>>> print(open('work.cif').read())   # mmCIF, C-alpha atoms
data_run
loop_
_atom_site.group_PDB
_atom_site.id
_atom_site.type_symbol
_atom_site.label_atom_id
_atom_site.label_comp_id
_atom_site.auth_asym_id
_atom_site.auth_seq_id
_atom_site.Cartn_x
_atom_site.Cartn_y
_atom_site.Cartn_z
ATOM 1 C CA MET A 1 -30.342 42.922 34.211
ATOM 2 C CA LYS A 2 -29.225 39.876 36.225
ATOM 3 C CA TYR A 3 -31.525 37.712 34.118
ATOM 4 C CA ASP A 4 -30.004 39.108 30.929
ATOM 5 C CA ILE A 5 -26.480 38.459 32.231
ATOM 6 C CA PHE A 6 -27.477 34.892 33.159
ATOM 7 C CA ILE A 7 -28.888 34.286 29.666
ATOM 8 C CA LEU A 8 -25.744 35.751 28.113
ATOM 9 C CA ARG A 9 -23.552 33.435 30.189
ATOM 10 C CA VAL A 10 -25.641 30.421 29.241
ATOM 11 C CA LYS A 11 -25.428 31.329 25.553
ATOM 12 C CA SER A 12 -21.698 31.949 25.866
ATOM 13 C CA ALA A 13 -21.133 28.572 27.552
ATOM 14 C CA ALA A 14 -23.247 26.848 24.912
ATOM 15 C CA PHE A 15 -21.272 28.585 22.175
ATOM 16 C CA MET A 16 -17.957 27.475 23.682
ATOM 17 C CA ARG A 17 -19.219 23.894 23.926
ATOM 18 C CA CYS A 18 -20.183 24.074 20.248
ATOM 19 C CA VAL A 19 -16.706 25.367 19.429
ATOM 20 C CA GLU A 20 -15.093 22.499 21.337
ATOM 21 C CA VAL A 21 -17.359 19.952 19.663
ATOM 22 C CA SER A 22 -16.512 21.464 16.280
ATOM 23 C CA ARG A 23 -12.825 21.225 17.064
ATOM 24 C CA LEU A 24 -13.184 17.589 18.049
ATOM 25 C CA ALA A 25 -15.234 16.848 14.941
ATOM 26 C CA LEU A 26 -12.601 18.534 12.779
ATOM 27 C CA PHE A 27 -9.856 16.531 14.519
ATOM 28 C CA PHE A 28 -11.565 13.191 13.972
ATOM 29 C CA PHE A 29 -12.585 14.145 10.443
ATOM 30 C CA ARG A 30 -9.043 15.083 9.493
ATOM 31 C CA SER A 31 -7.496 12.107 11.278
ATOM 32 C CA SER A 32 -9.600 9.756 9.132
ATOM 33 C CA PHE A 33 -7.708 10.888 6.040
ATOM 34 C CA MET A 34 -4.844 8.414 6.232
ATOM 35 C CA TYR A 35 -3.594 6.221 3.423
ATOM 36 C CA LEU A 36 -1.679 3.063 4.235
ATOM 37 C CA LEU A 37 0.829 1.748 1.704
ATOM 38 C CA TYR A 38 1.381 -2.013 2.103
ATOM 39 C CA ALA A 39 4.458 -3.240 0.235
ATOM 40 C CA ASP A 40 6.579 -6.356 -0.206
ATOM 41 C CA ASP A 41 9.485 -7.425 -2.389
ATOM 42 C CA SER A 42 10.068 -10.192 -4.912
ATOM 43 C CA GLY A 43 13.296 -11.332 -6.537
ATOM 44 C CA ASN A 44 16.740 -11.084 -5.006
ATOM 45 C CA ALA A 45 19.291 -8.457 -5.979
ATOM 46 C CA SER A 46 22.165 -10.615 -4.714
ATOM 47 C CA ASP A 47 21.109 -13.747 -6.634
ATOM 48 C CA PRO A 48 23.186 -14.047 -9.856
ATOM 49 C CA ASP A 49 20.463 -16.209 -11.405
ATOM 50 C CA THR A 50 17.809 -13.517 -10.928
ATOM 51 C CA LYS A 51 17.673 -10.605 -13.344
ATOM 52 C CA TYR A 52 15.099 -8.356 -11.665
ATOM 53 C CA SER A 53 14.098 -7.189 -8.202
ATOM 54 C CA VAL A 54 10.676 -5.811 -7.359
ATOM 55 C CA LEU A 55 9.183 -3.733 -4.564
ATOM 56 C CA ALA A 56 5.436 -3.282 -4.905
ATOM 57 C CA GLY A 57 2.124 -3.081 -3.124
ATOM 58 C CA PHE A 58 -1.031 -1.020 -2.781
ATOM 59 C CA ALA A 59 -2.379 2.044 -1.015
ATOM 60 C CA THR A 60 -5.714 2.054 0.754
ATOM 61 C CA TYR A 61 -7.653 4.108 3.278
ATOM 62 C CA GLU A 62 -6.967 3.156 6.872
ATOM 63 C CA ASP A 63 -10.475 1.706 7.355
ATOM 64 C CA GLN A 64 -10.153 -0.759 4.458
ATOM 65 C CA PRO A 65 -7.731 -3.499 5.716
ATOM 66 C CA PHE A 66 -10.586 -5.108 7.680
ATOM 67 C CA TRP A 67 -12.704 -5.406 4.517
ATOM 68 C CA ILE A 68 -9.736 -6.605 2.484
ATOM 69 C CA GLU A 69 -9.076 -9.377 5.004
ATOM 70 C CA LYS A 70 -12.749 -10.311 4.944
ATOM 71 C CA ALA A 71 -12.767 -10.513 1.124
ATOM 72 C CA VAL A 72 -9.571 -12.598 0.982
ATOM 73 C CA ASP A 73 -10.871 -15.014 3.618
ATOM 74 C CA GLU A 74 -14.091 -15.434 1.667
ATOM 75 C CA ILE A 75 -12.101 -16.265 -1.470
ATOM 76 C CA MET A 76 -10.031 -18.855 0.394
ATOM 77 C CA PHE A 77 -13.018 -20.449 2.070
ATOM 78 C CA ARG A 78 -14.859 -20.683 -1.236
ATOM 79 C CA HIS A 79 -11.987 -22.588 -2.867
ATOM 80 C CA ILE A 80 -10.474 -24.695 -0.081
ATOM 81 C CA GLY A 81 -12.867 -24.431 2.872
ATOM 82 C CA ARG A 82 -10.321 -22.854 5.230
ATOM 83 C CA THR A 83 -8.787 -19.454 5.957
ATOM 84 C CA ASP A 84 -5.794 -20.269 8.142
ATOM 85 C CA LEU A 85 -3.099 -20.372 5.428
ATOM 86 C CA GLU A 86 -0.756 -17.508 4.577
ATOM 87 C CA LEU A 87 -1.017 -16.186 1.042
ATOM 88 C CA HIS A 88 2.537 -16.367 -0.302
ATOM 89 C CA ALA A 89 2.571 -16.368 -4.079
ATOM 90 C CA SER A 90 5.714 -18.382 -4.816
ATOM 91 C CA PRO A 91 4.850 -21.471 -2.709
ATOM 92 C CA MET A 92 1.206 -21.162 -3.751
ATOM 93 C CA ARG A 93 2.132 -21.346 -7.417
ATOM 94 C CA SER A 94 4.570 -24.245 -6.980
ATOM 95 C CA GLY A 95 2.666 -26.126 -4.257
ATOM 96 C CA ARG A 96 5.367 -25.935 -1.602
ATOM 97 C CA GLY A 97 5.118 -25.813 2.180
ATOM 98 C CA VAL A 98 1.624 -25.492 3.647
ATOM 99 C CA TRP A 99 0.225 -25.420 0.107
ATOM 100 C CA ARG A 100 1.496 -28.915 -0.664
ATOM 101 C CA GLY A 101 -1.408 -31.273 -1.252
ATOM 102 C CA ILE A 102 -3.805 -28.543 -2.376
ATOM 103 C CA PRO A 103 -4.703 -29.009 -6.061
ATOM 104 C CA LYS A 104 -2.985 -26.657 -8.484
ATOM 105 C CA GLU A 105 -6.250 -25.385 -9.937
ATOM 106 C CA LYS A 106 -7.439 -24.312 -6.484
ATOM 107 C CA ARG A 107 -4.134 -22.601 -5.648
ATOM 108 C CA ASN A 108 -4.178 -20.748 -8.937
ATOM 109 C CA ALA A 109 -7.841 -19.817 -8.530
ATOM 110 C CA ILE A 110 -7.123 -18.194 -5.159
ATOM 111 C CA LEU A 111 -4.222 -16.213 -6.627
ATOM 112 C CA LYS A 112 -6.269 -14.975 -9.570
ATOM 113 C CA ASP A 113 -9.396 -14.206 -7.547
ATOM 114 C CA CYS A 114 -7.402 -12.108 -5.076
ATOM 115 C CA LEU A 115 -5.932 -10.141 -7.978
ATOM 116 C CA GLU A 116 -9.409 -9.855 -9.499
ATOM 117 C CA HIS A 117 -10.597 -8.360 -6.216
ATOM 118 C CA ILE A 118 -7.932 -5.651 -6.630
ATOM 119 C CA ARG A 119 -9.005 -4.989 -10.216
ATOM 120 C CA LYS A 120 -12.689 -4.770 -9.357
ATOM 121 C CA ASN A 121 -12.063 -2.441 -6.416
ATOM 122 C CA TYR A 122 -9.602 -0.090 -8.089
ATOM 123 C CA PRO A 123 -9.283 2.781 -7.374
ATOM 124 C CA TRP A 124 -11.556 3.221 -4.368
ATOM 125 C CA GLN A 125 -9.985 0.440 -2.282
ATOM 126 C CA CYS A 126 -6.667 -0.555 -3.866
ATOM 127 C CA ILE A 127 -4.287 1.750 -5.765
ATOM 128 C CA LEU A 128 -1.094 0.003 -6.845
ATOM 129 C CA PHE A 129 2.516 1.196 -6.674
ATOM 130 C CA GLY A 130 5.584 -0.674 -7.814
ATOM 131 C CA ALA A 131 9.208 -0.468 -8.885
ATOM 132 C CA VAL A 132 11.130 -2.984 -10.989
ATOM 133 C CA ILE A 133 14.940 -2.771 -11.159
ATOM 134 C CA ASP A 134 17.534 -4.657 -13.189
ATOM 135 C CA ASN A 135 19.833 -6.303 -10.641
ATOM 136 C CA LYS A 136 22.899 -4.998 -12.462
ATOM 137 C CA THR A 137 21.933 -1.523 -11.269
ATOM 138 C CA ASP A 138 24.042 -0.075 -8.463
ATOM 139 C CA ASP A 139 22.158 0.599 -5.208
ATOM 140 C CA ALA A 140 19.129 -1.364 -6.435
ATOM 141 C CA ASP A 141 17.578 -1.662 -2.948
ATOM 142 C CA GLU A 142 17.714 2.080 -2.334
ATOM 143 C CA ILE A 143 16.334 2.894 -5.789
ATOM 144 C CA LEU A 144 13.414 0.523 -5.233
ATOM 145 C CA PHE A 145 12.621 2.079 -1.874
ATOM 146 C CA THR A 146 13.076 5.622 -3.171
ATOM 147 C CA GLN A 147 10.852 5.047 -6.177
ATOM 148 C CA ILE A 148 7.916 3.529 -4.331
ATOM 149 C CA THR A 149 7.965 6.023 -1.434
ATOM 150 C CA SER A 150 8.429 9.013 -3.740
ATOM 151 C CA ARG A 151 5.533 7.968 -5.957
ATOM 152 C CA PHE A 152 3.290 7.369 -2.959
ATOM 153 C CA ASP A 153 4.244 10.776 -1.521
ATOM 154 C CA LYS A 154 3.409 12.496 -4.824
ATOM 155 C CA PHE A 155 0.074 10.667 -4.888
ATOM 156 C CA LEU A 156 -0.730 12.110 -1.451
ATOM 157 C CA LYS A 157 0.381 15.586 -2.574
ATOM 158 C CA ARG A 158 -1.834 15.339 -5.659
ATOM 159 C CA LYS A 159 -4.791 14.407 -3.464
ATOM 160 C CA PHE A 160 -4.395 17.715 -1.657
ATOM 161 C CA LEU A 161 -3.550 20.003 -4.583
ATOM 162 C CA LYS A 162 -6.158 18.690 -7.028
ATOM 163 C CA TYR A 163 -8.906 17.316 -4.807
ATOM 164 C CA ASN A 164 -8.426 19.252 -1.547
ATOM 165 C CA GLU A 165 -8.006 16.047 0.466
ATOM 166 C CA ALA A 166 -5.692 16.732 3.408
ATOM 167 C CA VAL A 167 -4.277 13.209 3.595
ATOM 168 C CA ARG A 168 -1.219 11.727 5.255
ATOM 169 C CA GLY A 169 0.479 8.422 4.533
ATOM 170 C CA LEU A 170 2.137 5.541 6.317
ATOM 171 C CA ALA A 171 4.176 2.796 4.650
ATOM 172 C CA VAL A 172 3.884 -0.735 6.032
ATOM 173 C CA PHE A 173 6.383 -3.356 4.846
ATOM 174 C CA ASP A 174 6.850 -7.060 5.418
ATOM 175 C CA LYS A 175 9.560 -7.756 7.968
ATOM 176 C CA SER A 176 12.917 -7.660 6.218
ATOM 177 C CA LYS A 177 16.652 -7.546 6.795
ATOM 178 C CA LEU A 178 16.423 -4.051 5.298
ATOM 179 C CA GLU A 179 14.124 -2.815 8.070
ATOM 180 C CA ASN A 180 16.693 -0.544 9.736
ATOM 181 C CA GLN A 181 17.911 0.721 6.375
ATOM 182 C CA TYR A 182 14.390 1.567 5.211
ATOM 183 C CA GLN A 183 13.729 3.544 8.374
ATOM 184 C CA SER A 184 17.052 5.387 8.092
ATOM 185 C CA TRP A 185 16.386 6.293 4.457
ATOM 186 C CA SER A 186 12.879 7.432 5.304
ATOM 187 C CA ARG A 187 14.065 9.711 8.105
ATOM 188 C CA LEU A 188 16.745 11.144 5.833
ATOM 189 C CA TYR A 189 14.309 11.704 2.970
ATOM 190 C CA GLN A 190 11.814 13.432 5.248
ATOM 191 C CA SER A 191 14.393 15.877 6.591
ATOM 192 C CA LEU A 192 16.890 16.408 3.742
ATOM 193 C CA GLY A 193 15.380 14.781 0.643
ATOM 194 C CA ASN A 194 16.051 11.651 -1.397
ATOM 195 C CA MET A 195 18.624 11.142 -4.144
ATOM 196 C CA TRP A 196 16.723 13.655 -6.298
ATOM 197 C CA LYS A 197 16.585 16.172 -3.414
ATOM 198 C CA GLU A 198 12.844 15.602 -3.063
ATOM 199 C CA LYS A 199 11.514 15.560 0.493
ATOM 200 C CA LEU A 200 8.851 13.128 1.647
ATOM 201 C CA ASN A 201 6.507 15.743 3.096
ATOM 202 C CA ASN A 202 3.318 13.724 3.404
ATOM 203 C CA PHE A 203 4.376 10.761 5.536
ATOM 204 C CA ALA A 204 3.063 10.589 9.086
ATOM 205 C CA GLU A 205 5.953 8.426 10.317
ATOM 206 C CA VAL A 206 8.865 6.281 9.204
ATOM 207 C CA PRO A 207 7.841 2.851 7.819
ATOM 208 C CA LEU A 208 6.375 0.180 10.063
ATOM 209 C CA PHE A 209 6.995 -3.554 9.646
ATOM 210 C CA LEU A 210 4.603 -6.471 10.076
ATOM 211 C CA ASP A 211 4.994 -10.221 10.016
ATOM 212 C CA SER A 212 3.253 -11.254 6.799
ATOM 213 C CA ARG A 213 1.702 -14.254 8.572
ATOM 214 C CA ILE A 214 -0.647 -11.951 10.502
ATOM 215 C CA SER A 215 -1.501 -9.392 7.825
ATOM 216 C CA ARG A 216 -3.688 -10.154 4.826
ATOM 217 C CA SER A 217 -2.776 -6.745 3.391
ATOM 218 C CA ILE A 218 0.945 -7.586 3.401
ATOM 219 C CA GLN A 219 0.066 -10.940 1.814
ATOM 220 C CA LEU A 220 -1.864 -9.131 -0.912
ATOM 221 C CA ALA A 221 1.186 -6.905 -1.498
ATOM 222 C CA ASP A 222 3.226 -10.097 -1.930
ATOM 223 C CA LEU A 223 0.874 -11.245 -4.702
ATOM 224 C CA ILE A 224 1.263 -7.894 -6.463
ATOM 225 C CA ALA A 225 5.070 -7.981 -6.250
ATOM 226 C CA PHE A 226 5.136 -11.596 -7.440
ATOM 227 C CA SER A 227 2.899 -10.736 -10.401
ATOM 228 C CA LEU A 228 5.345 -8.052 -11.503
ATOM 229 C CA PHE A 229 8.320 -10.347 -10.964
ATOM 230 C CA ARG A 230 6.828 -13.170 -13.040
ATOM 231 C CA TYR A 231 6.091 -10.758 -15.850
ATOM 232 C CA PHE A 232 9.510 -9.104 -16.075
ATOM 233 C CA GLU A 233 11.649 -12.077 -15.068
ATOM 234 C CA HIS A 234 9.860 -14.824 -17.013
ATOM 235 C CA LYS A 235 7.637 -12.953 -19.505
ATOM 236 C CA ASP A 236 4.650 -14.582 -17.806
ATOM 237 C CA ASP A 237 1.663 -12.224 -17.710
ATOM 238 C CA THR A 238 -0.756 -14.746 -16.165
ATOM 239 C CA TYR A 239 -1.097 -12.598 -13.049
ATOM 240 C CA TYR A 240 0.195 -9.200 -14.139
ATOM 241 C CA SER A 241 -2.400 -8.981 -16.897
ATOM 242 C CA VAL A 242 -5.131 -8.892 -14.234
ATOM 243 C CA ILE A 243 -3.740 -5.841 -12.411
ATOM 244 C CA ARG A 244 -1.874 -4.040 -15.198
ATOM 245 C CA ASP A 245 -4.324 -1.103 -15.214
ATOM 246 C CA CYS A 246 -4.545 -0.701 -11.432
ATOM 247 C CA PHE A 247 -1.386 1.351 -10.830
ATOM 248 C CA ASP A 248 -1.763 4.948 -9.715
ATOM 249 C CA LYS A 249 -2.672 7.246 -12.594
ATOM 250 C CA ASP A 250 -4.302 10.581 -13.203
ATOM 251 C CA LYS A 251 -6.061 11.414 -16.470
ATOM 252 C CA ASN A 252 -4.606 8.297 -18.110
ATOM 253 C CA GLN A 253 -1.051 9.271 -17.150
ATOM 254 C CA GLN A 254 0.463 6.430 -15.108
ATOM 255 C CA TYR A 255 2.551 7.399 -12.087
ATOM 256 C CA GLY A 256 2.449 4.292 -9.930
ATOM 257 C CA LEU A 257 4.895 1.979 -11.732
ATOM 258 C CA TYR A 258 8.608 2.486 -12.353
ATOM 259 C CA VAL A 259 10.668 0.103 -14.489
ATOM 260 C CA LEU A 260 14.439 0.301 -14.980
ATOM 261 C CA GLN A 261 15.746 -2.219 -17.481
ATOM 262 C CA SER A 262 19.253 -2.610 -18.839
#
>>> encode(input="work.cif", output="structure tokens")
Amino acid sequence: MKYDIFILRVKSAAFMRCVEVSRLALFFFRSSFMYLLYADDSGNASDPDTKYSVLAGFATYEDQPFWIEKAVDEIMFRHIGRTDLELHASPMRSGRGVWRGIPKEKRNAILKDCLEHIRKNYPWQCILFGAVIDNKTDDADEILFTQITSRFDKFLKRKFLKYNEAVRGLAVFDKSKLENQYQSWSRLYQSLGNMWKEKLNNFAEVPLFLDSRISRSIQLADLIAFSLFRYFEHKDDTYYSVIRDCFDKDKNQQYGLYVLQS
């Protein structure tokens, strides 16, 4: 009898250890389902000479920024033999700042190859989101923010409802004078809903902000926003044509891009 009780206790302890291990495995498995949305702006709503403002970027799994940085650095090294420069589309295109002295064809090749990387790795690594607003629109900054966060939230919801992926999201923006406003809007939208009374139910936290100089993913978001801006502001599809089909969609219905023109 004592032997049987001992065996029962051993089996019970082993079972409880298995339960705890299963709980830990479930925790780590679930915690890996996190999408990061990297976004940046282009254009200036307060500039009378600028017609459009853009907020755009891409969503990716949390384990992908390392590989994105590696790919971008390889592109840069292949073209200019160095990886220490910040990708910033406007000065790259015009040859200003740290990009002065680098031949135009090399600058343009880096821009296009980075966008080609997005195209080739859509949708498993980069899924694009963007909003384009006519600057004559009232509350343009809030509409841009609302559009991109709402569309990202619906993407996360669709992942769960259609594909049973229990994912959460986190938005990461380039440092901006709108940082406090973005966080206030996000908190409000999570608790009470946005201007359409839709709550952001799938965000893990209010937006975070990074200095673009230390984040290749933010720099890539800058290239995406710039591509949209060049297309709508100047009718130049040199860059936009590369990524036009990479915005979030489901069964050929596009959800990732919003455009409000006058």
>>> atom_distance(input="work.cif", atom1="atom CA of Ser150 of chain A", atom2="atom CA of Phe203 of chain A")
10.3 Å
>>> resolve_selection(input="work.cif", expression="the PyMOL selection byres ((chain A and resi 106) around 10)", output="MDAnalysis selection string")
chainID A and resid 76 78:80 92 102:105 107:112
>>> resolve_selection(input="work.cif", expression="the PyMOL selection byres ((chain A and resi 249-258) around 7)", output="PDB file with C-alpha atoms, in the coordinates of the input")
ATOM      1  CA  LEU A 128      -1.094   0.003  -6.845  1.00  0.00           C
ATOM      2  CA  PHE A 129       2.516   1.196  -6.674  1.00  0.00           C
ATOM      3  CA  GLY A 130       5.584  -0.674  -7.814  1.00  0.00           C
ATOM      4  CA  ALA A 131       9.208  -0.468  -8.885  1.00  0.00           C
ATOM      5  CA  VAL A 132      11.130  -2.984 -10.989  1.00  0.00           C
ATOM      6  CA  ARG A 151       5.533   7.968  -5.957  1.00  0.00           C
ATOM      7  CA  PHE A 247      -1.386   1.351 -10.830  1.00  0.00           C
ATOM      8  CA  ASP A 248      -1.763   4.948  -9.715  1.00  0.00           C
ATOM      9  CA  VAL A 259      10.668   0.103 -14.489  1.00  0.00           C
ATOM     10  CA  LEU A 260      14.439   0.301 -14.980  1.00  0.00           C
TER      11      LEU A 260
END
>>> resolve_selection(input="work.cif", expression="the PyMOL selection byres ((chain A and resi 127) around 12)", output="short mmCIF file (atom, residue, chain, number, x, y, z; two decimals) with C-alpha atoms, keeping the file's coordinate frame")
data_model
loop_
_atom_site.label_atom_id
_atom_site.label_comp_id
_atom_site.auth_asym_id
_atom_site.auth_seq_id
_atom_site.Cartn_x
_atom_site.Cartn_y
_atom_site.Cartn_z
CA TYR A 35 -3.59 6.22 3.42
CA LEU A 36 -1.68 3.06 4.24
CA LEU A 37 0.83 1.75 1.70
CA TYR A 38 1.38 -2.01 2.10
CA ALA A 39 4.46 -3.24 0.24
CA ALA A 56 5.44 -3.28 -4.90
CA GLY A 57 2.12 -3.08 -3.12
CA PHE A 58 -1.03 -1.02 -2.78
CA ALA A 59 -2.38 2.04 -1.01
CA THR A 60 -5.71 2.05 0.75
CA TYR A 61 -7.65 4.11 3.28
CA HIS A 117 -10.60 -8.36 -6.22
CA ILE A 118 -7.93 -5.65 -6.63
CA ARG A 119 -9.01 -4.99 -10.22
CA LYS A 120 -12.69 -4.77 -9.36
CA ASN A 121 -12.06 -2.44 -6.42
CA TYR A 122 -9.60 -0.09 -8.09
CA PRO A 123 -9.28 2.78 -7.37
CA TRP A 124 -11.56 3.22 -4.37
CA GLN A 125 -9.98 0.44 -2.28
CA CYS A 126 -6.67 -0.56 -3.87
CA LEU A 128 -1.09 0.00 -6.84
CA PHE A 129 2.52 1.20 -6.67
CA GLY A 130 5.58 -0.67 -7.81
CA ARG A 151 5.53 7.97 -5.96
CA PHE A 152 3.29 7.37 -2.96
CA PHE A 155 0.07 10.67 -4.89
CA LEU A 156 -0.73 12.11 -1.45
CA ALA A 221 1.19 -6.90 -1.50
CA ILE A 224 1.26 -7.89 -6.46
CA ILE A 243 -3.74 -5.84 -12.41
CA ARG A 244 -1.87 -4.04 -15.20
CA ASP A 245 -4.32 -1.10 -15.21
CA CYS A 246 -4.54 -0.70 -11.43
CA PHE A 247 -1.39 1.35 -10.83
CA ASP A 248 -1.76 4.95 -9.72
CA LYS A 249 -2.67 7.25 -12.59
CA ASP A 250 -4.30 10.58 -13.20
CA GLN A 254 0.46 6.43 -15.11
CA TYR A 255 2.55 7.40 -12.09
CA GLY A 256 2.45 4.29 -9.93
CA LEU A 257 4.89 1.98 -11.73
#
>>> closest_residue(input="work.cif", among="A:Asp153, A:Asp211, A:Asp40, A:Glu165", to="Lys199 of chain A", atoms="all atoms listed in the file")
A:Asp153
>>> residues_around(input="work.cif", residues="Tyr240 of chain A", least_positions_apart="5", cutoff="9 Å", atoms="all atoms listed in the file", output="MDAnalysis selection string")
chainID A and resid 115 224 226:231
>>> atom_distance(input="work.cif", atom1="atom CA of Asp41 of chain A", atom2="atom CA of Lys197 of chain A")
24.7 Å
>>> closest_residue(input="work.cif", among="A:Arg96, A:Glu116, A:Glu86, A:Pro48", to="Thr238 of chain A", atoms="all atoms listed in the file")
A:Glu116
